[in-house]
file protein-v1.tsv (TSV, C-alpha atoms)
chain	number	residue	atom	x	y	z
A	1	MET	CA	119.40	64.43	-9.31
A	2	LEU	CA	118.34	60.89	-10.08
A	3	LEU	CA	118.83	58.33	-7.39
A	4	THR	CA	119.57	54.72	-8.23
A	5	THR	CA	116.99	52.13	-7.22
A	6	TYR	CA	119.38	50.72	-4.65
A	7	THR	CA	119.93	54.14	-3.08
A	8	LYS	CA	116.18	54.73	-2.95
A	9	THR	CA	115.59	51.37	-1.28
A	10	GLN	CA	118.29	52.13	1.27
A	11	LEU	CA	116.82	55.56	1.95
A	12	LYS	CA	113.32	54.13	2.41
A	13	GLU	CA	114.53	51.40	4.72
A	14	GLY	CA	116.29	54.01	6.80
A	15	LEU	CA	113.22	56.24	6.95
A	16	ALA	CA	111.00	53.33	8.04
A	17	LEU	CA	113.38	52.34	10.84
A	18	GLY	CA	113.79	55.98	11.88
A	19	MET	CA	110.08	56.51	12.47
A	20	PRO	CA	109.78	54.81	15.88
A	21	ILE	CA	113.00	56.52	17.00
A	22	ALA	CA	111.55	59.88	15.96
A	23	LEU	CA	108.41	59.25	18.00
A	24	GLY	CA	110.50	58.35	21.03
A	25	TYR	CA	112.64	61.45	20.55
A	26	ILE	CA	109.66	63.79	20.47
A	27	SER	CA	108.76	62.90	24.05
A	28	VAL	CA	112.35	63.10	25.33
A	29	SER	CA	113.15	66.39	23.58
A	30	PHE	CA	109.80	67.70	24.76
A	31	ALA	CA	111.12	67.26	28.29
A	32	PHE	CA	114.39	68.96	27.29
A	33	GLY	CA	112.46	71.90	25.83
A	34	MET	CA	110.49	72.30	29.03
A	35	MET	CA	113.66	72.18	31.10
A	36	ALA	CA	115.35	74.83	28.96
A	37	ALA	CA	112.29	77.09	29.05
A	38	GLY	CA	112.10	76.59	32.80
A	39	GLY	CA	115.68	77.88	33.03
A	40	ASN	CA	114.66	81.05	31.18
A	41	LEU	CA	116.42	80.16	27.94
A	42	PRO	CA	114.66	81.61	24.89
A	43	ILE	CA	112.76	79.07	22.78
A	44	TRP	CA	114.98	79.57	19.72
A	45	SER	CA	118.10	78.74	21.72
A	46	ALA	CA	116.60	75.51	23.05
A	47	VAL	CA	115.79	74.48	19.47
A	48	LEU	CA	119.26	75.59	18.30
A	49	ILE	CA	120.90	73.45	20.97
A	50	SER	CA	118.83	70.44	19.89
A	51	MET	CA	119.57	70.94	16.19
A	52	THR	CA	123.32	71.32	16.68
A	53	ASN	CA	123.85	68.72	19.41
A	54	LEU	CA	121.32	65.92	18.93
A	55	THR	CA	122.22	64.21	22.19
A	56	SER	CA	120.03	63.55	25.19
A	57	ALA	CA	122.15	63.36	28.33
A	58	GLY	CA	124.98	65.43	26.84
A	59	GLN	CA	123.00	68.51	25.87
A	60	LEU	CA	120.83	68.25	28.96
A	61	ALA	CA	123.87	68.46	31.24
A	62	GLY	CA	125.49	71.15	29.08
A	63	THR	CA	122.35	73.27	29.10
A	64	GLN	CA	121.96	72.93	32.85
A	65	LEU	CA	125.54	74.19	33.23
A	66	LEU	CA	124.84	77.02	30.79
A	67	ILE	CA	121.83	78.06	32.86
A	68	ALA	CA	123.77	77.70	36.12
A	69	GLY	CA	126.49	80.03	34.81
A	70	ALA	CA	129.30	77.46	34.77
A	71	PRO	CA	132.59	78.30	32.98
A	72	TYR	CA	132.92	77.24	29.32
A	73	ILE	CA	135.67	74.75	30.10
A	74	GLU	CA	133.38	72.86	32.45
A	75	ILE	CA	130.63	72.81	29.82
A	76	ALA	CA	133.16	71.44	27.30
A	77	MET	CA	134.53	68.78	29.68
A	78	THR	CA	131.11	67.57	30.78
A	79	THR	CA	129.89	67.36	27.18
A	80	PHE	CA	133.05	65.47	26.29
A	81	VAL	CA	132.77	62.93	29.09
A	82	ILE	CA	129.07	62.22	28.62
A	83	ASN	CA	129.37	61.94	24.84
A	84	ILE	CA	132.69	60.09	24.53
A	85	ARG	CA	130.71	56.86	24.13
A	86	TYR	CA	129.80	58.08	20.63
A	87	PHE	CA	133.47	57.61	19.78
A	88	LEU	CA	133.09	53.87	20.33
A	89	MET	CA	129.83	53.85	18.38
A	90	SER	CA	131.30	55.75	15.41
A	91	LEU	CA	134.31	53.46	15.48
A	92	SER	CA	132.02	50.46	15.40
A	93	LEU	CA	129.97	51.93	12.53
A	94	SER	CA	133.08	52.85	10.54
A	95	GLN	CA	133.63	49.10	10.19
A	96	LYS	CA	130.30	48.69	8.43
A	97	LEU	CA	130.94	51.36	5.81
A	98	ARG	CA	132.48	50.60	2.46
A	99	ALA	CA	136.09	51.78	2.47
A	100	ASP	CA	135.49	54.09	-0.51
A	101	THR	CA	132.71	56.07	1.19
A	102	GLY	CA	133.52	59.76	0.65
A	103	ILE	CA	134.63	62.27	3.27
A	104	LEU	CA	131.55	64.48	2.91
A	105	LYS	CA	129.21	61.52	3.36
A	106	ARG	CA	131.14	60.41	6.42
A	107	MET	CA	131.01	63.95	7.83
A	108	GLY	CA	127.29	64.13	7.13
A	109	MET	CA	126.35	60.93	8.89
A	110	ALA	CA	128.49	61.86	11.90
A	111	ILE	CA	125.81	64.42	12.83
A	112	GLY	CA	123.34	61.67	13.61
A	113	ILE	CA	125.25	59.07	15.64
A	114	THR	CA	123.03	58.69	18.69
A	115	ASP	CA	122.42	55.72	20.99
A	116	GLU	CA	119.23	54.69	19.22
A	117	ILE	CA	120.37	55.37	15.66
A	118	PHE	CA	123.58	53.50	16.36
A	119	ALA	CA	121.62	50.63	17.87
A	120	VAL	CA	119.51	50.27	14.72
A	121	ALA	CA	122.43	50.79	12.31
A	122	SER	CA	124.65	48.28	14.09
A	123	GLY	CA	122.06	45.58	13.39
A	124	ARG	CA	122.89	45.86	9.67
A	125	LYS	CA	125.57	43.86	7.92
A	126	GLU	CA	126.63	46.88	5.91
A	127	VAL	CA	125.72	50.54	6.32
A	128	THR	CA	125.37	52.92	3.38
A	129	PRO	CA	125.22	56.74	3.44
A	130	ALA	CA	121.70	56.66	1.92
A	131	PHE	CA	120.48	54.32	4.65
A	132	MET	CA	122.00	56.55	7.32
A	133	ALA	CA	120.47	59.68	5.76
A	134	GLY	CA	117.04	58.06	5.88
A	135	LEU	CA	117.56	56.72	9.36
A	136	ILE	CA	118.73	60.08	10.75
A	137	ALA	CA	116.21	62.38	9.00
A	138	LEU	CA	113.05	61.74	11.02
A	139	PRO	CA	114.70	61.45	14.46
A	140	TYR	CA	116.51	64.74	13.74
A	141	LEU	CA	113.23	66.46	12.88
A	142	GLY	CA	111.48	64.82	15.82
A	143	TRP	CA	114.20	65.97	18.18
A	144	ALA	CA	113.91	69.59	16.98
A	145	LEU	CA	110.11	69.52	16.90
A	146	GLY	CA	109.77	68.04	20.39
A	147	THR	CA	112.12	70.69	21.76
A	148	LEU	CA	110.11	73.46	20.10
A	149	VAL	CA	106.78	72.17	21.37
A	150	GLY	CA	108.13	71.43	24.85
A	151	ALA	CA	109.69	74.88	25.23
A	152	THR	CA	106.61	76.60	23.81
A	153	ALA	CA	103.96	74.75	25.74
A	154	SER	CA	105.73	74.06	29.02
A	155	TYR	CA	102.51	73.32	30.77
A	156	LEU	CA	100.76	71.12	28.23
A	157	LEU	CA	101.25	67.88	30.12
A	158	PRO	CA	100.50	67.27	33.78
A	159	GLN	CA	103.59	66.69	35.91
A	160	ALA	CA	102.66	63.05	36.58
A	161	LEU	CA	102.67	62.22	32.86
A	162	ARG	CA	105.92	64.07	32.33
A	163	ASP	CA	107.49	61.99	35.10
A	164	ALA	CA	106.21	58.73	33.63
A	165	LEU	CA	107.61	59.61	30.18
A	166	GLY	CA	111.09	59.59	31.69
A	167	ILE	CA	111.11	55.80	31.46
A	168	ALA	CA	110.26	55.68	27.72
A	169	ILE	CA	113.83	55.93	26.47
A	170	TYR	CA	115.00	53.12	28.76
A	171	GLY	CA	112.11	50.96	27.56
A	172	MET	CA	113.48	51.41	24.05
A	173	PHE	CA	116.94	50.40	25.16
A	174	LEU	CA	115.57	47.21	26.72
A	175	ALA	CA	113.67	46.38	23.54
A	176	ILE	CA	117.00	46.63	21.72
A	177	ILE	CA	119.27	44.63	24.01
A	178	VAL	CA	116.99	41.94	25.46
A	179	PRO	CA	116.03	39.93	22.32
A	180	PRO	CA	119.67	39.19	21.30
A	181	CYS	CA	120.39	38.17	24.91
A	182	ARG	CA	117.79	35.41	24.58
A	183	LYS	CA	119.67	33.91	21.66
A	184	SER	CA	123.26	34.35	22.77
A	185	TRP	CA	124.89	33.56	26.12
A	186	SER	CA	127.88	35.74	25.32
A	187	CYS	CA	125.60	38.73	24.75
A	188	LEU	CA	123.81	38.10	28.00
A	189	ALA	CA	127.14	37.85	29.81
A	190	VAL	CA	128.31	41.17	28.34
A	191	VAL	CA	125.07	42.96	29.25
A	192	LEU	CA	125.05	41.55	32.79
A	193	THR	CA	128.69	42.55	33.28
A	194	ALA	CA	127.86	46.09	32.18
A	195	VAL	CA	124.82	46.17	34.47
A	196	VAL	CA	126.72	44.90	37.52
A	197	CYS	CA	129.51	47.40	36.86
A	198	SER	CA	126.97	50.20	36.47
A	199	CYS	CA	125.31	49.21	39.77
A	200	LEU	CA	128.68	49.25	41.54
A	201	PHE	CA	129.26	52.81	40.33
A	202	HIS	CA	125.79	53.78	41.48
A	203	TYR	CA	125.70	52.31	44.93
A	204	MET	CA	129.29	51.91	46.17
A	205	PRO	CA	130.81	54.73	48.21
A	206	LEU	CA	133.51	56.71	46.36
A	207	LEU	CA	132.63	54.99	43.06
A	208	CYS	CA	129.27	56.73	43.09
A	209	GLN	CA	131.05	60.07	42.79
A	210	VAL	CA	132.37	59.23	39.34
A	211	PRO	CA	130.48	61.34	36.74
A	212	ALA	CA	127.87	59.47	34.69
A	213	GLY	CA	129.80	59.92	31.44
A	214	TRP	CA	132.87	58.15	32.81
A	215	ARG	CA	130.78	55.45	34.44
A	216	ILE	CA	129.29	54.49	31.07
A	217	ILE	CA	132.68	54.48	29.33
A	218	ILE	CA	134.39	52.43	32.06
A	219	CYS	CA	131.58	49.88	32.26
A	220	ALA	CA	131.19	49.58	28.48
A	221	VAL	CA	134.93	49.07	27.94
A	222	ALA	CA	135.12	46.55	30.81
A	223	ALA	CA	132.08	44.56	29.65
A	224	ALA	CA	132.89	44.60	25.92
A	225	GLY	CA	136.54	43.83	26.74
A	226	MET	CA	135.49	40.88	28.87
A	227	GLY	CA	133.28	39.68	26.01
A	228	ALA	CA	136.08	40.00	23.47
A	229	ILE	CA	138.53	38.04	25.62
A	230	VAL	CA	136.20	35.32	26.94
A	231	PHE	CA	133.90	34.97	23.92
A	232	PRO	CA	135.82	36.15	20.84
A	233	ILE	CA	133.65	35.87	17.76
A	234	HIS	CA	135.02	33.79	14.93
A	235	PRO	CA	133.12	34.86	11.86
A	236	PRO	CA	133.21	31.90	9.46
A	237	ASP	CA	131.62	34.12	6.84
A	238	GLU	CA	131.85	37.90	6.69
A	239	LYS	CA	128.24	38.13	5.58
A	240	THR	CA	126.69	36.57	8.65
A	241	GLU	CA	128.89	38.46	11.09
A	242	GLY	CA	127.01	41.09	13.06
A	243	GLU	CA	123.59	39.72	12.12
A	244	ALA	CA	122.45	39.46	15.72
A	245	ALA	CA	123.82	42.81	16.86
A	246	PRO	CA	121.23	45.28	18.15
B	1	MET	CA	119.71	86.04	29.27
B	2	ASN	CA	123.12	86.77	27.87
B	3	TYR	CA	122.89	85.95	24.14
B	4	PRO	CA	126.63	85.72	23.35
B	5	ARG	CA	127.02	83.30	26.26
B	6	ILE	CA	124.17	81.12	24.98
B	7	LEU	CA	125.66	81.06	21.48
B	8	ILE	CA	129.22	80.37	22.65
B	9	ALA	CA	128.12	77.56	24.98
B	10	THR	CA	125.93	76.02	22.26
B	11	PHE	CA	128.83	76.16	19.82
B	12	ILE	CA	131.24	74.54	22.30
B	13	MET	CA	128.80	71.73	23.06
B	14	ALA	CA	128.08	71.14	19.37
B	15	LEU	CA	131.76	71.17	18.36
B	16	VAL	CA	132.89	68.76	21.09
B	17	THR	CA	130.02	66.39	20.29
B	18	TYR	CA	130.59	66.54	16.54
B	19	LEU	CA	134.33	65.88	16.72
B	20	ILE	CA	133.74	62.82	18.91
B	21	ARG	CA	131.34	61.46	16.31
B	22	ALA	CA	133.24	62.42	13.16
B	23	ILE	CA	136.85	61.51	13.97
B	24	PRO	CA	136.41	57.71	14.06
B	25	LEU	CA	134.31	57.75	10.87
B	26	LEU	CA	136.95	59.81	9.05
B	27	LEU	CA	139.98	58.01	10.47
B	28	PHE	CA	139.09	54.35	10.17
B	29	ARG	CA	138.74	53.48	6.52
B	30	LYS	CA	140.11	49.96	6.58
B	31	LYS	CA	138.31	47.02	8.06
B	32	ILE	CA	139.86	45.94	11.33
B	33	LYS	CA	141.03	42.33	10.98
B	34	ASN	CA	142.05	41.59	14.56
B	35	ILE	CA	139.49	39.18	15.97
B	36	TYR	CA	139.61	40.57	19.52
B	37	VAL	CA	139.12	44.17	18.36
B	38	GLN	CA	136.30	42.98	16.08
B	39	SER	CA	134.64	41.17	18.96
B	40	PHE	CA	135.12	44.16	21.25
B	41	LEU	CA	133.37	46.46	18.77
B	42	TYR	CA	130.64	43.87	18.27
B	43	TYR	CA	129.91	43.84	22.01
B	44	VAL	CA	130.14	47.64	22.53
B	45	PRO	CA	126.47	48.44	21.81
B	46	TYR	CA	125.21	45.81	24.26
B	47	ALA	CA	127.64	47.01	26.90
B	48	VAL	CA	126.90	50.72	26.44
B	49	LEU	CA	123.13	50.30	26.44
B	50	GLY	CA	123.27	47.88	29.38
B	51	ALA	CA	125.32	50.30	31.46
B	52	MET	CA	123.07	53.21	30.53
B	53	THR	CA	119.81	51.39	31.26
B	54	PHE	CA	120.41	49.84	34.64
B	55	PRO	CA	120.00	50.96	37.38
B	56	ASP	CA	119.09	54.37	35.86
B	57	ILE	CA	115.73	53.09	34.64
B	58	LEU	CA	114.61	52.58	38.25
B	59	GLN	CA	115.01	56.29	38.97
B	60	SER	CA	113.73	57.55	35.62
B	61	THR	CA	110.25	58.41	36.85
B	62	GLY	CA	108.87	60.31	39.81
B	63	THR	CA	108.97	57.37	42.23
B	64	LEU	CA	111.07	54.22	42.66
B	65	ALA	CA	107.99	51.94	42.67
B	66	ALA	CA	106.83	53.32	39.32
B	67	GLY	CA	110.33	52.85	37.92
B	68	VAL	CA	110.49	49.23	39.11
B	69	ALA	CA	107.01	48.45	37.73
B	70	GLY	CA	107.83	50.05	34.37
B	71	PHE	CA	111.16	48.22	34.24
B	72	LEU	CA	109.58	44.80	34.88
B	73	VAL	CA	106.90	45.35	32.21
B	74	ALA	CA	109.50	46.57	29.71
B	75	LEU	CA	111.70	43.56	30.48
B	76	VAL	CA	108.88	41.05	29.90
B	77	LEU	CA	107.68	42.73	26.69
B	78	ALA	CA	111.23	43.04	25.34
B	79	TRP	CA	111.75	39.35	26.16
B	80	LYS	CA	108.68	38.62	24.01
B	81	ASN	CA	110.31	40.49	21.11
B	82	LYS	CA	107.80	43.36	21.11
B	83	GLY	CA	108.75	46.48	19.13
B	84	LEU	CA	110.60	49.54	20.44
B	85	LEU	CA	107.56	51.75	20.66
B	86	THR	CA	105.32	49.10	22.24
B	87	VAL	CA	107.86	48.46	24.98
B	88	ALA	CA	108.53	52.16	25.58
B	89	LEU	CA	104.88	53.20	25.73
B	90	SER	CA	103.83	50.21	27.85
B	91	ALA	CA	106.55	51.01	30.38
B	92	THR	CA	105.41	54.64	30.42
B	93	ALA	CA	101.75	53.65	30.91
B	94	VAL	CA	102.54	51.23	33.73
B	95	ALA	CA	104.82	53.76	35.43
B	96	PHE	CA	102.11	56.39	35.16
B	97	VAL	CA	99.36	54.14	36.56
B	98	THR	CA	101.60	52.92	39.39
B	99	GLU	CA	102.52	56.46	40.33
B	100	ARG	CA	98.86	57.55	40.28
B	101	LEU	CA	97.77	54.54	42.34
B	102	LEU	CA	100.40	55.26	44.96
B	103	TYR	CA	99.38	58.88	44.99
B	104	TYR	CA	95.70	58.15	45.60
B	105	LEU	CA	96.29	55.24	47.99
B	106	GLY	CA	99.03	56.96	49.95
call {"tool": "encode", "arguments": {"input": "protein-v1.tsv", "output": "structure tokens"}}
result
Amino acid sequence: MLLTTYTKTQLKEGLALGMPIALGYISVSFAFGMMAAGGNLPIWSAVLISMTNLTSAGQLAGTQLLIAGAPYIEIAMTTFVINIRYFLMSLSLSQKLRADTGILKRMGMAIGITDEIFAVASGRKEVTPAFMAGLIALPYLGWALGTLVGATASYLLPQALRDALGIAIYGMFLAIIVPPCRKSWSCLAVVLTAVVCSCLFHYMPLLCQVPAGWRIIICAVAAAGMGAIVFPIHPPDEKTEGEAAP
Amino acid sequence: MNYPRILIATFIMALVTYLIRAIPLLLFRKKIKNIYVQSFLYYVPYAVLGAMTFPDILQSTGTLAAGVAGFLVALVLAWKNKGLLTVALSATAVAFVTERLLYYLG
């Protein structure tokens, strides 16, 4: 099948932006692989979980419950709560797709909506299926590969290095949200609101018992809602709207 | 390990996750015109990532001190517009060195 030049360009752009995400994923999924192997799950099942789920916190919690022998309904509920934020992300991305994008293409790209991929995609004015395919491909492979290597070679890295790698994913998040906050007060206000809310749920009695999945949803809705009401964006021109998004 | 249980649990997790991701993409075909909803969706990524990052980043490594050190370095580098990988690896390196220093000093 021949691809148009535009499709090829989109694909290449996606692949280039996916590379750093893939590298980040290898280290995180490596840790997941080690955790799964430590819980006596066979290597193939750890890789299968990674290839069908492609989530960090969600599949980690689900797998821990699987290992602990929890009932299926609890596995389903926990996965749902931790991953419900993807609903907001997909909703946000659906606004950047052309209305005539086909069902199969929409179903295909749904596989790869993760925090990092969403963060990169939401920085684009418009999102095409080819761009998403390119953007998702390498992180998907990296996620599977890291899981495989981590589960296989559980003892490759010293514990101290494994601990330190836990911060990598948050470093990526900061690199995504901080630069726009320098340019826009409304962005900074939204981020700080989310952070304060998140801290309340971490450190206040009672609130700290709310599961992490719900905490993220509640804080994100509160902070983005505050932003929408206090600093509604008036796009004078459709084309410039969303330029500064992460 | 009980293979059917592994497969069933994996399937449940995958299905729940996929439906969450696919439903909005399949359902919302028209552009939303309402300015408040538009603004809300525009702010969602900042809000989600902000809530996920802090204070979790402080406890993301073996010790609190390493987490704080890594966080501060990541914050400064991100402020200077450094790339994703630079920020992530620098935070990891600083967290690692801090943790080692504490280990040998303490």
call {"tool": "closest_residue", "arguments": {"input": "protein-v1.tsv", "among": "B:Gly83, B:Tyr18, B:Met13, B:Leu58", "to": "Gly70 (chain B)", "atoms": "all atoms listed in the file"}}
result
B:Leu58
call {"tool": "closest_residue", "arguments": {"input": "protein-v1.tsv", "among": "A:Phe201, A:Phe131, A:Trp214, A:Tyr25", "to": "Thr7 (chain A)", "atoms": "all atoms listed in the file"}}
result
A:Phe131
call {"tool": "atom_distance", "arguments": {"input": "protein-v1.tsv", "atom1": "CA of Ser27 (chain A)", "atom2": "CA of Val81 (chain A)"}}
result
24.5 Å
call {"tool": "atom_distance", "arguments": {"input": "protein-v1.tsv", "atom1": "CA of Lys105 (chain A)", "atom2": "CA of Leu93 (chain A)"}}
result
13.3 Å
call {"tool": "closest_residue", "arguments": {"input": "protein-v1.tsv", "among": "A:Thr152, A:Ser94, A:Ser50, A:Thr5", "to": "chain B", "atoms": "all atoms listed in the file"}}
result
A:Ser94
call {"tool": "interface_residues", "arguments": {"input": "protein-v1.tsv", "of": "chain A", "to": "chain B", "cutoff": "6 Å", "atoms": "only C-alpha atoms", "output": "PyMOL selection string"}}
result
chain A and resi 49+52-53+86-87+90-92+94-95+99+107+110+163-168+170-172+175+178-179+191+194-195+198+216+220+223-225+228+232-233
call {"tool": "axis_aligned_box", "arguments": {"input": "protein-v1.tsv", "around": "region 155-174 of chain A", "padding_each_side": "8 Å", "output": "AutoDock Vina command-line options"}}
result
--center_x 108.7 --center_y 60.3 --center_z 30.3 --size_x 32.4 --size_y 42.1 --size_z 28.5
call {"tool": "atom_distance", "arguments": {"input": "protein-v1.tsv", "atom1": "CA of Leu161 (chain A)", "atom2": "CA of Phe32 (chain A)"}}
result
14.6 Å
call {"tool": "closest_residue", "arguments": {"input": "protein-v1.tsv", "among": "A:Val127, A:Met204, A:Ala46, A:Ile103", "to": "Phe30 (chain A)", "atoms": "only C-alpha atoms"}}
result
A:Ala46
call {"tool": "decode", "arguments": {"input": "protein-v1.tsv", "residues": "region 50-59 of chain A", "atoms": "all heavy atoms", "output": "PDB file, in the first residue's frame"}}
result
ATOM      1  N   SER A  50       1.387  -6.425  29.843  1.00  0.00           N
ATOM      2  CA  SER A  50       1.894  -5.161  29.309  1.00  0.00           C
ATOM      3  C   SER A  50       1.360  -4.875  27.910  1.00  0.00           C
ATOM      4  O   SER A  50       1.020  -3.743  27.585  1.00  0.00           O
ATOM      5  CB  SER A  50       3.424  -5.174  29.271  1.00  0.00           C
ATOM      6  OG  SER A  50       3.937  -4.897  30.546  1.00  0.00           O
ATOM      7  N   MET A  51       1.284  -5.917  27.061  1.00  0.00           N
ATOM      8  CA  MET A  51       0.877  -5.706  25.682  1.00  0.00           C
ATOM      9  C   MET A  51      -0.622  -5.483  25.540  1.00  0.00           C
ATOM     10  O   MET A  51      -1.076  -4.905  24.549  1.00  0.00           O
ATOM     11  CB  MET A  51       1.316  -6.891  24.810  1.00  0.00           C
ATOM     12  CG  MET A  51       2.831  -6.965  24.694  1.00  0.00           C
ATOM     13  SD  MET A  51       3.391  -8.294  23.627  1.00  0.00           S
ATOM     14  CE  MET A  51       3.085  -7.583  22.019  1.00  0.00           C
ATOM     15  N   THR A  52      -1.405  -5.925  26.511  1.00  0.00           N
ATOM     16  CA  THR A  52      -2.853  -5.727  26.408  1.00  0.00           C
ATOM     17  C   THR A  52      -3.331  -4.540  27.236  1.00  0.00           C
ATOM     18  O   THR A  52      -4.425  -4.036  27.023  1.00  0.00           O
ATOM     19  CB  THR A  52      -3.630  -6.984  26.875  1.00  0.00           C
ATOM     20  OG1 THR A  52      -3.164  -7.343  28.180  1.00  0.00           O
ATOM     21  CG2 THR A  52      -3.415  -8.140  25.931  1.00  0.00           C
ATOM     22  N   ASN A  53      -2.537  -4.104  28.204  1.00  0.00           N
ATOM     23  CA  ASN A  53      -2.975  -3.015  29.072  1.00  0.00           C
ATOM     24  C   ASN A  53      -2.319  -1.679  28.738  1.00  0.00           C
ATOM     25  O   ASN A  53      -2.978  -0.662  28.653  1.00  0.00           O
ATOM     26  CB  ASN A  53      -2.709  -3.355  30.536  1.00  0.00           C
ATOM     27  CG  ASN A  53      -3.759  -4.285  31.106  1.00  0.00           C
ATOM     28  OD1 ASN A  53      -4.636  -3.860  31.833  1.00  0.00           O
ATOM     29  ND2 ASN A  53      -3.692  -5.561  30.765  1.00  0.00           N
ATOM     30  N   LEU A  54      -1.006  -1.681  28.621  1.00  0.00           N
ATOM     31  CA  LEU A  54      -0.239  -0.463  28.343  1.00  0.00           C
ATOM     32  C   LEU A  54      -0.603   0.677  29.300  1.00  0.00           C
ATOM     33  O   LEU A  54      -0.943   1.780  28.896  1.00  0.00           O
ATOM     34  CB  LEU A  54      -0.445  -0.017  26.880  1.00  0.00           C
ATOM     35  CG  LEU A  54       0.547   1.025  26.361  1.00  0.00           C
ATOM     36  CD1 LEU A  54       1.934   0.448  26.235  1.00  0.00           C
ATOM     37  CD2 LEU A  54       0.109   1.588  25.019  1.00  0.00           C
ATOM     38  N   THR A  55      -0.589   0.376  30.582  1.00  0.00           N
ATOM     39  CA  THR A  55      -0.779   1.418  31.590  1.00  0.00           C
ATOM     40  C   THR A  55       0.256   1.168  32.670  1.00  0.00           C
ATOM     41  O   THR A  55       0.675   0.029  32.856  1.00  0.00           O
ATOM     42  CB  THR A  55      -2.146   1.329  32.276  1.00  0.00           C
ATOM     43  OG1 THR A  55      -2.141   0.186  33.135  1.00  0.00           O
ATOM     44  CG2 THR A  55      -3.260   1.200  31.281  1.00  0.00           C
ATOM     45  N   SER A  56       0.669   2.208  33.361  1.00  0.00           N
ATOM     46  CA  SER A  56       1.645   1.961  34.422  1.00  0.00           C
ATOM     47  C   SER A  56       0.950   1.631  35.739  1.00  0.00           C
ATOM     48  O   SER A  56       0.888   0.479  36.165  1.00  0.00           O
ATOM     49  CB  SER A  56       2.589   3.144  34.578  1.00  0.00           C
ATOM     50  OG  SER A  56       1.860   4.339  34.745  1.00  0.00           O
ATOM     51  N   ALA A  57       0.366   2.639  36.362  1.00  0.00           N
ATOM     52  CA  ALA A  57      -0.250   2.440  37.674  1.00  0.00           C
ATOM     53  C   ALA A  57      -1.382   1.417  37.623  1.00  0.00           C
ATOM     54  O   ALA A  57      -1.530   0.583  38.504  1.00  0.00           O
ATOM     55  CB  ALA A  57      -0.756   3.767  38.214  1.00  0.00           C
ATOM     56  N   GLY A  58      -2.182   1.454  36.551  1.00  0.00           N
ATOM     57  CA  GLY A  58      -3.339   0.582  36.439  1.00  0.00           C
ATOM     58  C   GLY A  58      -2.973  -0.892  36.421  1.00  0.00           C
ATOM     59  O   GLY A  58      -3.493  -1.691  37.195  1.00  0.00           O
ATOM     60  N   GLN A  59      -2.044  -1.260  35.549  1.00  0.00           N
ATOM     61  CA  GLN A  59      -1.698  -2.686  35.458  1.00  0.00           C
ATOM     62  C   GLN A  59      -0.848  -3.128  36.639  1.00  0.00           C
ATOM     63  O   GLN A  59      -0.881  -4.288  37.031  1.00  0.00           O
ATOM     64  CB  GLN A  59      -1.020  -2.996  34.131  1.00  0.00           C
ATOM     65  CG  GLN A  59       0.429  -2.548  34.009  1.00  0.00           C
ATOM     66  CD  GLN A  59       1.015  -2.958  32.661  1.00  0.00           C
ATOM     67  OE1 GLN A  59       0.448  -2.680  31.620  1.00  0.00           O
ATOM     68  NE2 GLN A  59       2.156  -3.624  32.668  1.00  0.00           N
TER      69      GLN A  59
END
